[in-house]
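Trainee: The file below is final_36.cif, mmCIF, C-alpha atoms and all ligand atoms:
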data_protein
loop_
_atom_site.label_atom_id
_atom_site.label_comp_id
_atom_site.auth_asym_id
_atom_site.auth_seq_id
_atom_site.Cartn_x
_atom_site.Cartn_y
_atom_site.Cartn_z
CA MET A 1 -8.95 -15.71 -9.91
CA LEU A 2 -8.72 -13.65 -6.74
CA THR A 3 -5.06 -12.69 -6.30
CA ARG A 4 -3.10 -10.87 -3.60
CA LEU A 5 0.05 -8.95 -4.47
CA VAL A 6 2.37 -7.22 -1.99
CA TYR A 7 5.18 -4.87 -3.01
CA HIS A 8 7.50 -2.33 -1.49
CA SER A 9 9.00 0.76 -3.10
CA GLU A 10 11.02 3.84 -2.22
CA ASN A 11 8.96 6.88 -1.29
CA HIS A 12 9.86 9.78 -3.60
CA LEU A 13 6.95 12.00 -2.59
CA GLY A 14 9.21 14.36 -0.70
CA ALA A 15 11.11 15.04 -3.93
CA ALA A 16 8.01 15.41 -6.08
CA GLY A 17 7.21 18.90 -4.82
CA GLY A 18 3.97 19.92 -3.13
CA GLY A 19 4.75 17.93 -0.01
CA MET A 20 4.07 14.45 1.19
CA ILE A 21 0.61 15.00 2.69
CA LYS A 22 -0.74 16.53 -0.50
CA GLY A 23 0.80 13.74 -2.56
CA LEU A 24 -0.69 11.05 -0.34
CA ASN A 25 -4.14 12.60 -0.49
CA GLN A 26 -3.91 12.66 -4.30
CA ILE A 27 -2.88 9.00 -4.41
CA LEU A 28 -5.73 8.11 -2.05
CA ALA A 29 -8.32 9.94 -4.14
CA THR A 30 -7.12 8.37 -7.42
CA SER A 31 -6.89 4.93 -5.86
CA GLU A 32 -10.40 5.01 -4.47
CA ARG A 33 -11.81 5.99 -7.84
CA HIS A 34 -9.89 3.42 -9.92
CA ASN A 35 -9.93 0.61 -7.39
CA GLU A 36 -13.67 0.70 -6.84
CA GLU A 37 -14.14 0.47 -10.60
CA ALA A 38 -11.64 -2.39 -10.93
CA GLY A 39 -12.77 -4.28 -7.81
CA ILE A 40 -9.38 -3.79 -6.15
CA THR A 41 -9.08 -3.63 -2.36
CA GLY A 42 -5.98 -3.26 -0.24
CA ALA A 43 -3.82 -1.17 2.01
CA LEU A 44 -0.97 1.27 1.56
CA LEU A 45 1.55 1.62 4.37
CA PHE A 46 4.18 4.32 4.24
CA ASP A 47 6.82 6.21 6.09
CA THR A 48 9.24 8.83 4.85
CA LEU A 49 11.42 6.18 3.16
CA TRP A 50 9.09 3.37 2.06
CA PHE A 51 5.76 2.34 0.64
CA ILE A 52 4.34 -1.12 1.19
CA GLN A 53 1.13 -1.87 -0.67
CA VAL A 54 -1.23 -4.84 -0.68
CA LEU A 55 -3.42 -5.13 -3.79
CA GLU A 56 -6.16 -7.75 -4.01
CA GLY A 57 -8.63 -8.44 -6.77
CA GLU A 58 -8.96 -10.38 -10.00
CA ARG A 59 -5.53 -11.26 -11.37
CA GLU A 60 -5.92 -9.16 -14.54
CA ALA A 61 -7.15 -6.16 -12.53
CA VAL A 62 -4.27 -6.45 -10.05
CA SER A 63 -1.79 -6.63 -12.95
CA ALA A 64 -3.29 -3.66 -14.77
CA THR A 65 -3.23 -1.60 -11.56
CA LEU A 66 0.36 -2.60 -10.84
CA ARG A 67 1.43 -1.56 -14.34
CA ARG A 68 0.02 1.92 -13.76
CA ILE A 69 1.54 2.16 -10.28
CA MET A 70 4.96 1.05 -11.53
CA ALA A 71 5.09 3.93 -14.00
CA ASP A 72 4.43 6.49 -11.24
CA GLU A 73 7.40 8.74 -10.49
CA ARG A 74 6.23 9.42 -6.95
CA HIS A 75 8.04 6.22 -5.99
CA ALA A 76 10.81 4.00 -7.40
CA GLU A 77 12.61 0.67 -7.10
CA LEU A 78 9.36 -1.29 -6.82
CA VAL A 79 9.97 -4.85 -5.58
CA VAL A 80 7.22 -7.49 -5.61
CA MET A 81 7.33 -9.29 -2.26
CA ASP A 82 4.57 -11.77 -2.94
CA CYS A 83 1.87 -12.57 -5.53
CA ARG A 84 -0.43 -15.55 -5.30
CA PRO A 85 -4.03 -16.75 -5.44
CA ALA A 86 -6.13 -15.89 -2.40
CA GLU A 87 -9.33 -17.47 -1.14
CA THR A 88 -10.67 -14.35 0.55
CA ARG A 89 -9.89 -10.65 0.73
CA LEU A 90 -8.01 -9.32 3.75
CA PHE A 91 -9.24 -5.77 3.11
CA ALA A 92 -12.80 -6.30 1.92
CA ASN A 93 -13.83 -2.92 3.38
CA TRP A 94 -11.05 -0.81 1.86
CA TRP A 95 -10.65 0.29 -1.73
CA MET A 96 -7.31 1.47 -0.42
CA GLY A 97 -6.65 1.95 3.29
CA PHE A 98 -3.74 4.16 4.37
CA ALA A 99 -1.54 3.92 7.42
CA MET A 100 1.60 5.73 8.38
CA LEU A 101 4.32 3.58 9.88
CA ARG A 102 5.45 5.36 13.01
CA GLY A 103 7.86 4.66 15.78
CA ASP A 104 5.03 3.92 18.18
CA ASN A 105 3.96 0.93 16.09
CA GLY A 106 6.88 -0.95 17.66
CA ALA A 107 4.76 -3.32 19.76
CA LEU A 108 2.55 -4.13 16.78
CA PHE A 109 5.61 -4.77 14.57
CA ALA A 110 7.08 -7.05 17.24
CA ARG A 111 3.93 -9.21 17.18
CA HIS A 112 4.73 -10.00 13.53
CA GLY A 113 8.46 -10.49 13.94
CA VAL A 114 9.25 -7.09 12.44
CA GLY A 115 12.02 -4.96 13.97
CA PRO A 116 11.29 -1.62 15.62
CA LYS A 117 12.12 0.28 12.43
CA LEU A 118 10.35 -1.37 9.56
CA ASP A 119 12.64 -2.21 6.65
CA PRO A 120 10.51 -3.94 3.99
CA ARG A 121 13.59 -5.54 2.40
CA THR A 122 13.94 -7.74 5.48
CA ILE A 123 10.36 -9.06 5.82
CA SER A 124 8.12 -11.38 3.84
CA GLY A 125 4.96 -10.44 1.99
CA ASP A 126 2.99 -12.39 4.59
CA GLN A 127 4.53 -10.37 7.41
CA ALA A 128 3.79 -7.12 5.58
CA ALA A 129 0.18 -8.15 4.96
CA ALA A 130 -0.23 -9.20 8.62
CA VAL A 131 1.06 -5.82 9.81
CA ALA A 132 -1.39 -4.10 7.45
CA VAL A 133 -4.31 -6.21 8.71
CA ASP A 134 -3.35 -5.42 12.31
CA LEU A 135 -3.18 -1.72 11.53
CA ALA A 136 -6.52 -1.95 9.72
CA GLY A 137 -8.02 -3.36 12.92
CA LYS A 138 -6.97 -0.15 14.60
CA GLY A 139 -8.65 1.79 11.82
CA LEU A 140 -6.47 2.90 8.93
CA SER A 141 -6.73 6.64 8.55
CA ARG A 142 -8.31 7.79 5.31
CA GLU A 143 -7.58 11.51 5.45
CA PHE A 144 -4.57 13.57 6.27
CA ALA A 145 -4.80 17.06 7.60
CA ALA A 146 -2.57 19.35 5.58
C1 LIG B 1 2.64 4.26 -3.76
C2 LIG B 1 1.54 4.43 -4.75
C3 LIG B 1 0.38 3.65 -4.66
C4 LIG B 1 -0.65 3.79 -5.59
N1 LIG B 1 -1.75 3.00 -5.49
C5 LIG B 1 -2.72 3.07 -6.43
C6 LIG B 1 -3.84 2.21 -6.40
O1 LIG B 1 -4.01 1.37 -5.51
N2 LIG B 1 -4.76 2.33 -7.40
C7 LIG B 1 -4.64 3.25 -8.41
O2 LIG B 1 -5.50 3.29 -9.27
N3 LIG B 1 -3.60 4.09 -8.45
C8 LIG B 1 -2.64 4.03 -7.49
N4 LIG B 1 -1.59 4.90 -7.54
C9 LIG B 1 -1.59 5.96 -8.57
C10 LIG B 1 -1.14 5.44 -9.92
O3 LIG B 1 0.25 5.29 -9.91
C11 LIG B 1 -1.51 6.42 -11.02
O4 LIG B 1 -1.00 7.69 -10.76
C12 LIG B 1 -2.99 6.58 -11.19
O5 LIG B 1 -3.65 5.36 -11.15
C13 LIG B 1 -3.30 7.31 -12.50
O6 LIG B 1 -4.64 7.63 -12.52
P1 LIG B 1 -5.20 8.70 -13.60
O7 LIG B 1 -4.73 8.21 -14.93
O8 LIG B 1 -6.68 8.64 -13.43
O9 LIG B 1 -4.63 10.03 -13.19
C14 LIG B 1 -0.54 4.77 -6.62
C15 LIG B 1 0.61 5.54 -6.70
C16 LIG B 1 1.65 5.39 -5.77
C17 LIG B 1 2.87 6.24 -5.88
#
Would it be possible to restate this file's structure as structure tokens?
Ligand SMILES: Cc1cc2nc3c(=O)[nH]c(=O)nc-3n(C[C@H](O)[C@H](O)[C@H](O)COP(=O)(O)O)c2cc1C
Mentor:
Amino acid sequence: MLTRLVYHSENHLGAAGGGMIKGLNQILATSERHNEEAGITGALLFDTLWFIQVLEGEREAVSATLRRIMADERHAELVVMDCRPAETRLFANWWMGFAMLRGDNGALFARHGVGPKLDPRTISGDQAAAVAVDLAGKGLSREFAA
């Protein structure tokens, strides 16, 4: 059964050593490899404080991926915002798209009822997914310059 799961967590990449950009590129590379194999698509939004991730795929594959992600010390305090059956994929073209949440996303956040500074604890999984879809329409960036 196709399932969509949305979670948020605290970004601990800064503390992990090696810097945030390097850490994100490593996560992206691992995600693309595993997610393609497992038929997982989705998006990862982040800023210096938070991650928000949308995972979509077969329920067992989403669960197995989440179990691995939960054990990762590059983030903490993972909270599932939403998990339910889905009819179609929102991110059919992305094994894992990346977008940085920046101050200048304010107008886009406002369209989805999200305040100027995104605090994932205050929004629904649907709102988070809608922000991610909107950002994907602008082209999620796949690479970070060091
Ligand atoms: C915020 C965050 C998001 C992640 N997203 C994914 C993902 O979508 N797919 C994935 O396979 N691993 C993801 N990872 C990495 C996993 O936690 C884990 O490190 C990796 O799957 C282990 O792969 P390996 O055993 O091949 O090294 C993510 C990690 C973090 C911190």
Trainee: Figure out the distance between atom C14 of ligand LIG 1 (chain B) and atom CA of Met81 of chain A, please, to one decimal in Å.
Mentor: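 Atom C14 of ligand LIG 1 (chain B) lies at a distance of 16.7 Å from atom CA of Met81 of chain A.
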Trainee: Between A:Met100, A:Met1, A:Gly42, A:Glu10, which has the minimum distance to Glu77 of chain A (counting all atoms listed in the file)?
Mentor: A:Glu10
Trainee: Please identify every polymer residue within 10 Å of ligand LIG 1 (chain B), using all atoms listed in the file, and present the set as JSON, numbers by chain.
Mentor: {"A": [7, 8, 9, 10, 11, 12, 13, 23, 24, 26, 27, 28, 29, 30, 31, 32, 33, 34, 35, 36, 37, 38, 40, 41, 42, 43, 44, 45, 46, 50, 51, 52, 53, 54, 55, 56, 62, 64, 65, 66, 67, 68, 69, 70, 71, 72, 73, 74, 75, 76, 78, 95, 96, 97, 98]}
Trainee: So that I have them on file, write out the residues from the current selection with C-alpha atoms, as a PDB file, in the coordinates of the input.
Mentor:
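Dumped to out26.pdb:
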ATOM      1  CA  TYR A   7       5.180  -4.870  -3.010  1.00  0.00           C
ATOM      2  CA  HIS A   8       7.500  -2.330  -1.490  1.00  0.00           C
ATOM      3  CA  SER A   9       9.000   0.760  -3.100  1.00  0.00           C
ATOM      4  CA  GLU A  10      11.020   3.840  -2.220  1.00  0.00           C
ATOM      5  CA  ASN A  11       8.960   6.880  -1.290  1.00  0.00           C
ATOM      6  CA  HIS A  12       9.860   9.780  -3.600  1.00  0.00           C
ATOM      7  CA  LEU A  13       6.950  12.000  -2.590  1.00  0.00           C
ATOM      8  CA  GLY A  23       0.800  13.740  -2.560  1.00  0.00           C
ATOM      9  CA  LEU A  24      -0.690  11.050  -0.340  1.00  0.00           C
ATOM     10  CA  GLN A  26      -3.910  12.660  -4.300  1.00  0.00           C
ATOM     11  CA  ILE A  27      -2.880   9.000  -4.410  1.00  0.00           C
ATOM     12  CA  LEU A  28      -5.730   8.110  -2.050  1.00  0.00           C
ATOM     13  CA  ALA A  29      -8.320   9.940  -4.140  1.00  0.00           C
ATOM     14  CA  THR A  30      -7.120   8.370  -7.420  1.00  0.00           C
ATOM     15  CA  SER A  31      -6.890   4.930  -5.860  1.00  0.00           C
ATOM     16  CA  GLU A  32     -10.400   5.010  -4.470  1.00  0.00           C
ATOM     17  CA  ARG A  33     -11.810   5.990  -7.840  1.00  0.00           C
ATOM     18  CA  HIS A  34      -9.890   3.420  -9.920  1.00  0.00           C
ATOM     19  CA  ASN A  35      -9.930   0.610  -7.390  1.00  0.00           C
ATOM     20  CA  GLU A  36     -13.670   0.700  -6.840  1.00  0.00           C
ATOM     21  CA  GLU A  37     -14.140   0.470 -10.600  1.00  0.00           C
ATOM     22  CA  ALA A  38     -11.640  -2.390 -10.930  1.00  0.00           C
ATOM     23  CA  ILE A  40      -9.380  -3.790  -6.150  1.00  0.00           C
ATOM     24  CA  THR A  41      -9.080  -3.630  -2.360  1.00  0.00           C
ATOM     25  CA  GLY A  42      -5.980  -3.260  -0.240  1.00  0.00           C
ATOM     26  CA  ALA A  43      -3.820  -1.170   2.010  1.00  0.00           C
ATOM     27  CA  LEU A  44      -0.970   1.270   1.560  1.00  0.00           C
ATOM     28  CA  LEU A  45       1.550   1.620   4.370  1.00  0.00           C
ATOM     29  CA  PHE A  46       4.180   4.320   4.240  1.00  0.00           C
ATOM     30  CA  TRP A  50       9.090   3.370   2.060  1.00  0.00           C
ATOM     31  CA  PHE A  51       5.760   2.340   0.640  1.00  0.00           C
ATOM     32  CA  ILE A  52       4.340  -1.120   1.190  1.00  0.00           C
ATOM     33  CA  GLN A  53       1.130  -1.870  -0.670  1.00  0.00           C
ATOM     34  CA  VAL A  54      -1.230  -4.840  -0.680  1.00  0.00           C
ATOM     35  CA  LEU A  55      -3.420  -5.130  -3.790  1.00  0.00           C
ATOM     36  CA  GLU A  56      -6.160  -7.750  -4.010  1.00  0.00           C
ATOM     37  CA  VAL A  62      -4.270  -6.450 -10.050  1.00  0.00           C
ATOM     38  CA  ALA A  64      -3.290  -3.660 -14.770  1.00  0.00           C
ATOM     39  CA  THR A  65      -3.230  -1.600 -11.560  1.00  0.00           C
ATOM     40  CA  LEU A  66       0.360  -2.600 -10.840  1.00  0.00           C
ATOM     41  CA  ARG A  67       1.430  -1.560 -14.340  1.00  0.00           C
ATOM     42  CA  ARG A  68       0.020   1.920 -13.760  1.00  0.00           C
ATOM     43  CA  ILE A  69       1.540   2.160 -10.280  1.00  0.00           C
ATOM     44  CA  MET A  70       4.960   1.050 -11.530  1.00  0.00           C
ATOM     45  CA  ALA A  71       5.090   3.930 -14.000  1.00  0.00           C
ATOM     46  CA  ASP A  72       4.430   6.490 -11.240  1.00  0.00           C
ATOM     47  CA  GLU A  73       7.400   8.740 -10.490  1.00  0.00           C
ATOM     48  CA  ARG A  74       6.230   9.420  -6.950  1.00  0.00           C
ATOM     49  CA  HIS A  75       8.040   6.220  -5.990  1.00  0.00           C
ATOM     50  CA  ALA A  76      10.810   4.000  -7.400  1.00  0.00           C
ATOM     51  CA  LEU A  78       9.360  -1.290  -6.820  1.00  0.00           C
ATOM     52  CA  TRP A  95     -10.650   0.290  -1.730  1.00  0.00           C
ATOM     53  CA  MET A  96      -7.310   1.470  -0.420  1.00  0.00           C
ATOM     54  CA  GLY A  97      -6.650   1.950   3.290  1.00  0.00           C
ATOM     55  CA  PHE A  98      -3.740   4.160   4.370  1.00  0.00           C
TER      56      PHE A  98
END
Trainee: Just give me the gap between atom CA of Lys117 of chain A and atom CA of Phe91 of chain A in Å, one decimal is fine.
Mentor: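 About the pair atom CA of Lys117 of chain A and atom CA of Phe91 of chain A: they are 24.1 Å apart.
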Trainee: Between atom CA of Leu118 of chain A and atom CA of Val80 of chain A, what is the distance, to one decimal in Å?
Mentor: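 Atom-to-atom, atom CA of Leu118 of chain A and atom CA of Val80 of chain A are spaced 16.7 Å apart.
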Trainee: Thr88 of chain A: which residues within 10 Å, counting all atoms listed in the file, same-chain residues fewer than 3 positions away excluded, as a list in words?
Mentor: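 The residues satisfying every condition are Leu2, Thr3, Arg4, Glu56, Gly57, Pro85, Phe91 and Ala92 of chain A.
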Trainee: Could you check which of A:Ala110, A:Asp119, A:Asn25, A:Ala128 is closest to Asp82 of chain A, using all atoms listed in the file?
Mentor: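 Under the stated criterion, the closest residue is A:Ala128.
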